[in-house]
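One file, input.csv, is given below (CSV, C-alpha atoms).
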chain,number,residue,atom,x,y,z
A,610,MET,CA,-12.8,9.8,34.6
A,611,PRO,CA,-13.7,8.4,31.1
A,612,LYS,CA,-14.6,4.7,30.9
A,613,ARG,CA,-11.9,2.6,29.2
A,614,THR,CA,-13.0,0.7,26.2
A,615,GLU,CA,-11.4,-2.4,24.7
A,616,ALA,CA,-8.7,-1.7,22.3
A,617,ALA,CA,-9.5,-2.1,18.6
A,618,PRO,CA,-7.8,-5.0,16.9
A,619,VAL,CA,-4.4,-4.2,15.3
A,620,VAL,CA,-5.1,-4.6,11.6
A,621,SER,CA,-3.9,-3.0,8.3
A,622,ALA,CA,-7.4,-2.5,6.9
A,623,ALA,CA,-10.2,-1.8,9.4
A,624,HIS,CA,-12.9,-2.4,6.8
A,625,LEU,CA,-11.8,-6.0,6.5
A,626,ALA,CA,-12.0,-6.4,10.3
A,627,GLU,CA,-15.7,-5.4,10.3
A,628,GLY,CA,-16.8,-8.8,9.2
A,629,ARG,CA,-17.3,-12.0,11.3
A,630,SER,CA,-13.6,-12.5,12.0
A,631,PRO,CA,-11.7,-9.5,13.1
A,632,ALA,CA,-9.1,-11.9,14.4
A,633,LEU,CA,-8.4,-13.1,10.9
A,634,SER,CA,-7.6,-9.5,10.0
A,635,GLU,CA,-5.2,-9.4,12.9
A,636,VAL,CA,-3.5,-12.5,11.6
A,637,GLU,CA,-3.3,-11.1,8.1
A,638,TYR,CA,-1.6,-8.0,9.4
A,639,GLY,CA,0.8,-10.1,11.5
A,640,LEU,CA,1.5,-12.2,8.4
A,641,ASN,CA,2.3,-9.1,6.3
A,642,LEU,CA,4.8,-8.0,9.0
A,643,VAL,CA,6.4,-11.3,9.5
A,644,VAL,CA,6.6,-12.1,5.7
A,645,SER,CA,8.3,-8.7,5.1
A,646,ALA,CA,10.7,-9.2,7.9
A,647,TYR,CA,11.5,-12.8,6.9
A,648,HIS,CA,12.1,-11.6,3.3
A,649,ARG,CA,14.4,-8.9,4.5
A,650,TRP,CA,16.3,-11.3,6.7
A,651,MET,CA,17.1,-14.1,4.2
A,652,PRO,CA,19.1,-12.2,1.5
A,653,ARG,CA,20.8,-10.1,4.2
A,654,ALA,CA,21.8,-13.2,6.2
A,655,MET,CA,23.2,-14.8,3.0
A,656,ALA,CA,25.1,-11.7,2.2
A,657,ALA,CA,26.5,-11.6,5.7
A,658,VAL,CA,27.8,-15.1,5.3
A,659,GLY,CA,29.6,-14.3,2.1
A,660,VAL,CA,26.9,-15.0,-0.6
A,661,PRO,CA,25.5,-11.6,-1.6
A,662,GLY,CA,23.0,-10.9,-4.4
A,663,LEU,CA,20.6,-13.8,-3.8
A,664,SER,CA,16.8,-13.1,-3.9
A,665,VAL,CA,14.4,-14.5,-1.4
A,666,VAL,CA,13.3,-17.3,-3.8
A,667,GLU,CA,16.9,-18.2,-4.5
A,668,VAL,CA,17.7,-18.5,-0.8
A,669,LEU,CA,14.6,-20.6,-0.2
A,670,ILE,CA,15.5,-22.9,-3.1
A,671,LEU,CA,19.1,-23.3,-1.9
A,672,HIS,CA,17.9,-24.4,1.5
A,673,SER,CA,15.3,-26.7,0.0
A,674,VAL,CA,17.8,-28.3,-2.2
A,675,ARG,CA,20.1,-28.8,0.8
A,676,HIS,CA,17.3,-30.3,2.8
A,677,ARG,CA,18.1,-33.9,3.8
A,678,ASP,CA,21.1,-34.0,1.4
A,679,ARG,CA,19.1,-35.7,-1.5
A,680,PRO,CA,18.8,-34.5,-5.0
A,681,LYS,CA,15.5,-32.8,-5.8
A,682,ARG,CA,13.3,-32.6,-8.8
A,683,ILE,CA,12.2,-29.2,-10.0
A,684,ALA,CA,8.5,-30.3,-9.6
A,685,ASP,CA,9.2,-31.2,-6.0
A,686,LEU,CA,10.8,-27.9,-5.3
A,687,MET,CA,7.8,-26.1,-6.8
A,688,LEU,CA,5.4,-28.2,-4.7
A,689,VAL,CA,7.3,-27.7,-1.4
A,690,LEU,CA,7.7,-24.0,-1.9
A,691,ASP,CA,4.3,-23.5,-3.4
A,692,ILE,CA,5.6,-21.9,-6.6
A,693,GLU,CA,3.3,-22.1,-9.6
A,694,ASP,CA,5.6,-20.7,-12.3
A,695,THR,CA,8.3,-23.0,-13.5
A,696,HIS,CA,10.4,-20.2,-15.0
A,697,ILE,CA,10.8,-18.6,-11.5
A,698,VAL,CA,12.4,-21.8,-10.3
A,699,THR,CA,14.5,-22.5,-13.4
A,700,TYR,CA,15.8,-18.9,-13.4
A,701,ALA,CA,16.8,-19.2,-9.7
A,702,LEU,CA,18.4,-22.6,-10.4
A,703,ARG,CA,20.5,-21.1,-13.2
A,704,LYS,CA,21.7,-18.3,-10.9
A,705,LEU,CA,22.5,-20.7,-8.1
A,706,GLU,CA,24.4,-23.0,-10.4
A,707,ALA,CA,26.3,-20.1,-11.9
A,708,ALA,CA,27.3,-19.2,-8.3
A,709,GLY,CA,28.6,-22.7,-7.7
A,710,LEU,CA,26.0,-23.4,-5.0
A,711,ILE,CA,24.1,-26.2,-6.7
A,712,ALA,CA,24.7,-28.6,-9.6
A,713,THR,CA,22.2,-30.2,-11.9
A,714,ALA,CA,22.1,-33.5,-13.6
A,715,ARG,CA,19.7,-35.5,-15.8
A,716,ALA,CA,17.9,-38.6,-14.6
A,717,GLY,CA,16.0,-39.7,-17.7
A,718,LYS,CA,13.8,-36.8,-18.7
A,719,GLU,CA,14.0,-35.1,-15.3
A,720,LYS,CA,16.5,-32.6,-14.1
A,721,LEU,CA,17.8,-33.3,-10.6
A,722,VAL,CA,19.3,-30.6,-8.4
A,723,ARG,CA,21.8,-31.1,-5.6
A,724,VAL,CA,23.8,-28.8,-3.4
A,725,THR,CA,27.5,-28.5,-4.0
A,726,PRO,CA,30.1,-28.5,-1.2
A,727,MET,CA,30.2,-24.7,-1.7
A,728,GLY,CA,26.4,-24.5,-1.3
A,729,GLU,CA,26.5,-26.8,1.7
A,730,ALA,CA,29.1,-24.5,3.4
A,731,ALA,CA,27.0,-21.4,2.7
A,732,CYS,CA,24.0,-23.1,4.2
A,733,ALA,CA,26.0,-24.1,7.3
A,734,ARG,CA,27.3,-20.5,7.7
A,735,TYR,CA,23.7,-19.2,7.3
A,736,ALA,CA,22.5,-21.7,9.9
A,737,ALA,CA,25.2,-20.6,12.4
A,738,LEU,CA,24.3,-16.9,11.9
A,739,ARG,CA,20.6,-17.8,12.3
A,740,GLU,CA,21.3,-19.5,15.6
A,741,GLN,CA,23.3,-16.5,16.8
A,742,LEU,CA,21.1,-13.6,15.7
A,743,LEU,CA,17.6,-15.1,15.6
A,744,VAL,CA,17.3,-18.3,17.6
A,745,GLU,CA,19.2,-17.0,20.7
A,746,GLY,CA,16.8,-14.0,20.9
A,747,LEU,CA,13.7,-16.2,20.5
A,748,ALA,CA,14.9,-18.7,23.1
A,749,ALA,CA,15.5,-15.8,25.6
A,750,ALA,CA,12.4,-13.8,25.0
A,751,GLY,CA,10.1,-15.4,22.4
A,752,PRO,CA,7.4,-18.1,22.6
A,753,ALA,CA,8.3,-21.6,23.8
A,754,GLU,CA,9.1,-24.3,21.2
A,755,ALA,CA,5.7,-26.0,21.7
A,756,ARG,CA,3.9,-22.7,21.0
A,757,MET,CA,6.0,-22.2,17.9
A,758,SER,CA,5.1,-25.6,16.7
A,759,GLU,CA,1.4,-24.9,17.3
A,760,LEU,CA,1.8,-21.6,15.3
A,761,ALA,CA,3.5,-23.5,12.5
A,762,SER,CA,0.6,-26.0,12.3
A,763,LEU,CA,-1.9,-23.2,12.3
A,764,LEU,CA,-0.1,-21.4,9.5
A,765,ARG,CA,0.0,-24.5,7.4
A,766,ALA,CA,-3.8,-25.0,7.9
A,767,LEU,CA,-4.4,-21.4,7.0
A,768,SER,CA,-2.5,-21.8,3.8
A,769,GLY,CA,-5.0,-24.5,2.8
A,770,PHE,CA,-7.9,-22.1,3.5
A,771,TYR,CA,-6.3,-19.3,1.5
A,772,ASN,CA,-5.4,-21.7,-1.4
A,773,GLN,CA,-9.0,-23.0,-1.5
A,774,ALA,CA,-10.4,-19.4,-1.4
A,775,ALA,CA,-7.9,-18.5,-4.3
A,776,ARG,CA,-9.2,-21.4,-6.4
A,777,ALA,CA,-12.8,-20.3,-5.7
A,778,ALA,CA,-12.0,-16.7,-6.5
A,779,ALA,CA,-10.4,-17.7,-9.8
A,780,THR,CA,-13.8,-19.2,-10.9
A,781,LEU,CA,-15.7,-16.0,-10.3
Rewrite the coordinates I just gave you, this time as structure tokens.
Amino acid sequence: MPKRTEAAPVVSAAHLAEGRSPALSEVEYGLNLVVSAYHRWMPRAMAAVGVPGLSVVEVLILHSVRHRDRPKRIADLMLVLDIEDTHIVTYALRKLEAAGLIATARAGKEKLVRVTPMGEAACARYAALREQLLVEGLAAAGPAEARMSELASLLRALSGFYNQAARAAATL
């Protein structure tokens, strides 16, 4: 009977797993899968609750504007969502405003964005669908809440390492 060997790490690019951290390559592959699935989920969920045609960025911005029910500055939205290009946010805001989901106002030189009652209702329907289709399954078969919080903390820390590496790469 042949001897069993340890399974190779599940990665998308074996040549990247040959270095000192094959586990990082495993994480990167997992990130690729979860990002793709998350990006597939958001617009489809919004469409399912009656708001079709929104992009991933538009859904993210809508929920960020809704966060804590306070008006947001464009710069704050860009910072929180880690978006570098102002035109991406301003285009999304125009589309969300045209759909009646947000409203903008001036406060001095700054533009403030707030969610409208229609946008608030859409976010509530999205949250209910998320509970039904995603949270219930995770609660039944997924990792415990404490483990999910640990994972979230790790992902935020990793984002810092990737941002620092991106800055360094930009100087090469």
(message) So, with all atoms listed in the file as the atoms that count, which of A:Ala684, A:Val724, A:Leu633, A:Leu767 lies closest to A:His672?
(response)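 Of the candidates, the smallest distance to A:His672 is held by A:Val724.
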(request) Could you tell me how far atom CA of A:Ile670 lies from atom CA of A:Leu686, in Å and to one decimal? (result)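 If I compute the distance from atom CA of A:Ile670 to atom CA of A:Leu686, I get 7.2 Å.
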(request) Would you mind reading off the distance between atom CA of A:Ala749 and atom CA of A:Leu669, one decimal, in Å? (result)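 Computing the Euclidean distance for atom CA of A:Ala749 and atom CA of A:Leu669 yields 26.3 Å.
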Excluding A:Glu719 and residues on its chain fewer than 4 positions from it, collect all residues at most 10 Å away from it, counting all atoms listed in the file, and give them as an mmCIF file with C-alpha atoms, in the frame of the given file.
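Writing done, so here's part-v1.cif:
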data_model
loop_
_atom_site.group_PDB
_atom_site.id
_atom_site.type_symbol
_atom_site.label_atom_id
_atom_site.label_comp_id
_atom_site.auth_asym_id
_atom_site.auth_seq_id
_atom_site.Cartn_x
_atom_site.Cartn_y
_atom_site.Cartn_z
ATOM 1 C CA LYS A 681 15.500 -32.800 -5.800
ATOM 2 C CA ARG A 682 13.300 -32.600 -8.800
ATOM 3 C CA ILE A 683 12.200 -29.200 -10.000
ATOM 4 C CA ALA A 684 8.500 -30.300 -9.600
ATOM 5 C CA ALA A 714 22.100 -33.500 -13.600
ATOM 6 C CA ARG A 715 19.700 -35.500 -15.800
#
(request) Go through A:Val698, A:Leu663, A:Ala766, A:Glu635 one by one, measure the shortest atom-to-atom distance of each to A:Val619 using only C-alpha atoms, and give the residue with the smallest value. (result)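 Of the candidates, the smallest distance to A:Val619 is held by A:Glu635.
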Given 4 Å on each side, where is the centre and what are the edge lengths in Å to one decimal of the axis-aligned box enclosing the listed atoms of stretch 741-758 of chain A, as AutoDock Vina command-line options?
--center_x 13.6 --center_y -19.8 --center_z 20.6 --size_x 27.4 --size_y 20.4 --size_z 18.0
(message) Under the rule that all atoms listed in the file are counted, which of A:Val674, A:Leu747, A:Ala779, A:Leu738 is the nearest residue to A:Met655?
(response)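 Of all the options, A:Leu738 lies closest to A:Met655.
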(message) Using Å and a single decimal, report how far atom CA of A:Val644 sits from atom CA of A:Pro661.
(response)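 Computing the Euclidean distance for atom CA of A:Pro661 and atom CA of A:Val644 yields 20.3 Å.
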(message) So, with all atoms listed in the file as the atoms that count, which of A:Ala733, A:Ala701, A:Ser673, A:Ser664 lies closest to A:Val689?
(response)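 Counting all atoms listed in the file, the residue closest to A:Val689 is A:Ser673.
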(request) Tell me which of A:Gly728, A:Gly746, A:Gly717, A:Gly769 sits closest to A:Val658, counting all atoms listed in the file. (result) A:Gly728
(message) Just checking: using only C-alpha atoms, which residue out of A:Ala748, A:Ala753, A:Ile692, A:Leu743 ends up closest to A:Tyr647?
(response)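 Distance minimum relative to A:Tyr647 lands on A:Leu743.
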(request) May I have the protein, DNA and RNA residues with an atom at most 10 Å from (15.8, -37.9, -5.4), counting all atoms listed in the file in the file's coordinates, returned as a PyMOL selection string? (result) chain A and resi 678-682+685+716+721-723
Would you save the residues of that selection, restricted to C-alpha atoms, as a PDB file, in the coordinates of the input?
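Full text of part_11.pdb as output:
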ATOM      1  CA  ASP A 678      21.100 -34.000   1.400  1.00  0.00           C
ATOM      2  CA  ARG A 679      19.100 -35.700  -1.500  1.00  0.00           C
ATOM      3  CA  PRO A 680      18.800 -34.500  -5.000  1.00  0.00           C
ATOM      4  CA  LYS A 681      15.500 -32.800  -5.800  1.00  0.00           C
ATOM      5  CA  ARG A 682      13.300 -32.600  -8.800  1.00  0.00           C
ATOM      6  CA  ASP A 685       9.200 -31.200  -6.000  1.00  0.00           C
ATOM      7  CA  ALA A 716      17.900 -38.600 -14.600  1.00  0.00           C
ATOM      8  CA  LEU A 721      17.800 -33.300 -10.600  1.00  0.00           C
ATOM      9  CA  VAL A 722      19.300 -30.600  -8.400  1.00  0.00           C
ATOM     10  CA  ARG A 723      21.800 -31.100  -5.600  1.00  0.00           C
TER      11      ARG A 723
END
(request) Go ahead and find all residues with at least one atom no further than 7 Å from (18.8, -16.6, 3.1) in the file's coordinates, using all atoms listed in the file; report them as a list in words. (result) Trp650, Met651, Pro652, Arg653, Ala654, Met655, Val665, Val668, Leu669 and Tyr735 of chain A
Kindly export the residues of the current selection with C-alpha atoms, as a CSV table (one decimal), in the coordinates of the input.
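Here's the written file out_21.csv:
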chain,number,residue,atom,x,y,z
A,650,TRP,CA,16.3,-11.3,6.7
A,651,MET,CA,17.1,-14.1,4.2
A,652,PRO,CA,19.1,-12.2,1.5
A,653,ARG,CA,20.8,-10.1,4.2
A,654,ALA,CA,21.8,-13.2,6.2
A,655,MET,CA,23.2,-14.8,3.0
A,665,VAL,CA,14.4,-14.5,-1.4
A,668,VAL,CA,17.7,-18.5,-0.8
A,669,LEU,CA,14.6,-20.6,-0.2
A,735,TYR,CA,23.7,-19.2,7.3
(message) List as a count of residues only the protein and nucleic acid residues near A:Thr725, meaning an atom at most 7 Å away when only C-alpha atoms are counted, but skip any in the same chain fewer than 4 places from it.
(response) 5
Please, can stretch 730-741 of chain A be completed to all heavy atoms and returned as an mmCIF file, keeping the file's coordinate frame?
data_model
loop_
_atom_site.group_PDB
_atom_site.id
_atom_site.type_symbol
_atom_site.label_atom_id
_atom_site.label_comp_id
_atom_site.auth_asym_id
_atom_site.auth_seq_id
_atom_site.Cartn_x
_atom_site.Cartn_y
_atom_site.Cartn_z
ATOM 1 N N ALA A 730 28.402 -25.410 2.439
ATOM 2 C CA ALA A 730 29.100 -24.500 3.400
ATOM 3 C C ALA A 730 28.376 -23.224 3.583
ATOM 4 O O ALA A 730 28.304 -22.726 4.711
ATOM 5 C CB ALA A 730 30.538 -24.263 2.837
ATOM 6 N N ALA A 731 27.812 -22.674 2.518
ATOM 7 C CA ALA A 731 27.000 -21.400 2.700
ATOM 8 C C ALA A 731 25.815 -21.661 3.539
ATOM 9 O O ALA A 731 25.494 -20.828 4.398
ATOM 10 C CB ALA A 731 26.613 -20.920 1.274
ATOM 11 N N CYS A 732 25.132 -22.783 3.351
ATOM 12 C CA CYS A 732 24.000 -23.100 4.200
ATOM 13 C C CYS A 732 24.378 -23.279 5.647
ATOM 14 O O CYS A 732 23.652 -22.858 6.556
ATOM 15 C CB CYS A 732 23.280 -24.372 3.679
ATOM 16 S SG CYS A 732 22.374 -24.144 2.137
ATOM 17 N N ALA A 733 25.532 -23.879 5.896
ATOM 18 C CA ALA A 733 26.000 -24.100 7.300
ATOM 19 C C ALA A 733 26.334 -22.727 7.922
ATOM 20 O O ALA A 733 26.002 -22.513 9.100
ATOM 21 C CB ALA A 733 27.239 -24.972 7.275
ATOM 22 N N ARG A 734 26.953 -21.819 7.169
ATOM 23 C CA ARG A 734 27.300 -20.500 7.700
ATOM 24 C C ARG A 734 25.964 -19.733 8.004
ATOM 25 O O ARG A 734 25.843 -19.057 9.027
ATOM 26 C CB ARG A 734 28.153 -19.699 6.753
ATOM 27 C CG ARG A 734 29.560 -20.252 6.636
ATOM 28 C CD ARG A 734 30.507 -19.324 5.887
ATOM 29 N NE ARG A 734 30.022 -18.845 4.611
ATOM 30 C CZ ARG A 734 30.201 -19.466 3.436
ATOM 31 N NH1 ARG A 734 30.854 -20.625 3.395
ATOM 32 N NH2 ARG A 734 29.744 -18.934 2.322
ATOM 33 N N TYR A 735 24.978 -19.853 7.115
ATOM 34 C CA TYR A 735 23.700 -19.200 7.300
ATOM 35 C C TYR A 735 23.025 -19.776 8.585
ATOM 36 O O TYR A 735 22.499 -19.019 9.405
ATOM 37 C CB TYR A 735 22.793 -19.495 6.088
ATOM 38 C CG TYR A 735 21.391 -18.923 6.135
ATOM 39 C CD1 TYR A 735 21.093 -17.751 5.457
ATOM 40 C CD2 TYR A 735 20.369 -19.567 6.810
ATOM 41 C CE1 TYR A 735 19.798 -17.233 5.462
ATOM 42 C CE2 TYR A 735 19.077 -19.062 6.827
ATOM 43 C CZ TYR A 735 18.795 -17.891 6.145
ATOM 44 O OH TYR A 735 17.516 -17.378 6.165
ATOM 45 N N ALA A 736 23.055 -21.099 8.750
ATOM 46 C CA ALA A 736 22.500 -21.700 9.900
ATOM 47 C C ALA A 736 23.119 -21.233 11.212
ATOM 48 O O ALA A 736 22.436 -20.967 12.211
ATOM 49 C CB ALA A 736 22.550 -23.252 9.825
ATOM 50 N N ALA A 737 24.440 -21.091 11.195
ATOM 51 C CA ALA A 737 25.200 -20.600 12.400
ATOM 52 C C ALA A 737 24.774 -19.157 12.691
ATOM 53 O O ALA A 737 24.554 -18.800 13.859
ATOM 54 C CB ALA A 737 26.668 -20.726 12.165
ATOM 55 N N LEU A 738 24.683 -18.331 11.661
ATOM 56 C CA LEU A 738 24.300 -16.900 11.900
ATOM 57 C C LEU A 738 22.841 -16.861 12.363
ATOM 58 O O LEU A 738 22.523 -16.061 13.256
ATOM 59 C CB LEU A 738 24.434 -16.149 10.556
ATOM 60 C CG LEU A 738 24.133 -14.654 10.656
ATOM 61 C CD1 LEU A 738 25.189 -13.958 11.517
ATOM 62 C CD2 LEU A 738 24.068 -14.037 9.271
ATOM 63 N N ARG A 739 21.983 -17.703 11.831
ATOM 64 C CA ARG A 739 20.600 -17.800 12.300
ATOM 65 C C ARG A 739 20.494 -18.121 13.750
ATOM 66 O O ARG A 739 19.731 -17.528 14.504
ATOM 67 C CB ARG A 739 19.832 -18.785 11.404
ATOM 68 C CG ARG A 739 18.378 -18.952 11.724
ATOM 69 C CD ARG A 739 17.776 -19.970 10.729
ATOM 70 N NE ARG A 739 16.440 -20.325 11.099
ATOM 71 C CZ ARG A 739 16.112 -21.315 11.954
ATOM 72 N NH1 ARG A 739 17.066 -22.053 12.512
ATOM 73 N NH2 ARG A 739 14.856 -21.571 12.231
ATOM 74 N N GLU A 740 21.291 -19.106 14.161
ATOM 75 C CA GLU A 740 21.300 -19.500 15.600
ATOM 76 C C GLU A 740 21.738 -18.290 16.443
ATOM 77 O O GLU A 740 21.126 -18.018 17.471
ATOM 78 C CB GLU A 740 22.297 -20.645 15.809
ATOM 79 C CG GLU A 740 21.795 -21.976 15.334
ATOM 80 C CD GLU A 740 20.667 -22.545 16.180
ATOM 81 O OE1 GLU A 740 20.674 -22.364 17.422
ATOM 82 O OE2 GLU A 740 19.768 -23.167 15.589
ATOM 83 N N GLN A 741 22.776 -17.600 16.000
ATOM 84 C CA GLN A 741 23.300 -16.500 16.800
ATOM 85 C C GLN A 741 22.386 -15.292 16.837
ATOM 86 O O GLN A 741 22.139 -14.752 17.912
ATOM 87 C CB GLN A 741 24.671 -16.065 16.162
ATOM 88 C CG GLN A 741 25.303 -14.869 16.841
ATOM 89 C CD GLN A 741 26.494 -14.340 16.079
ATOM 90 O OE1 GLN A 741 26.970 -14.959 15.135
ATOM 91 N NE2 GLN A 741 26.990 -13.202 16.479
#
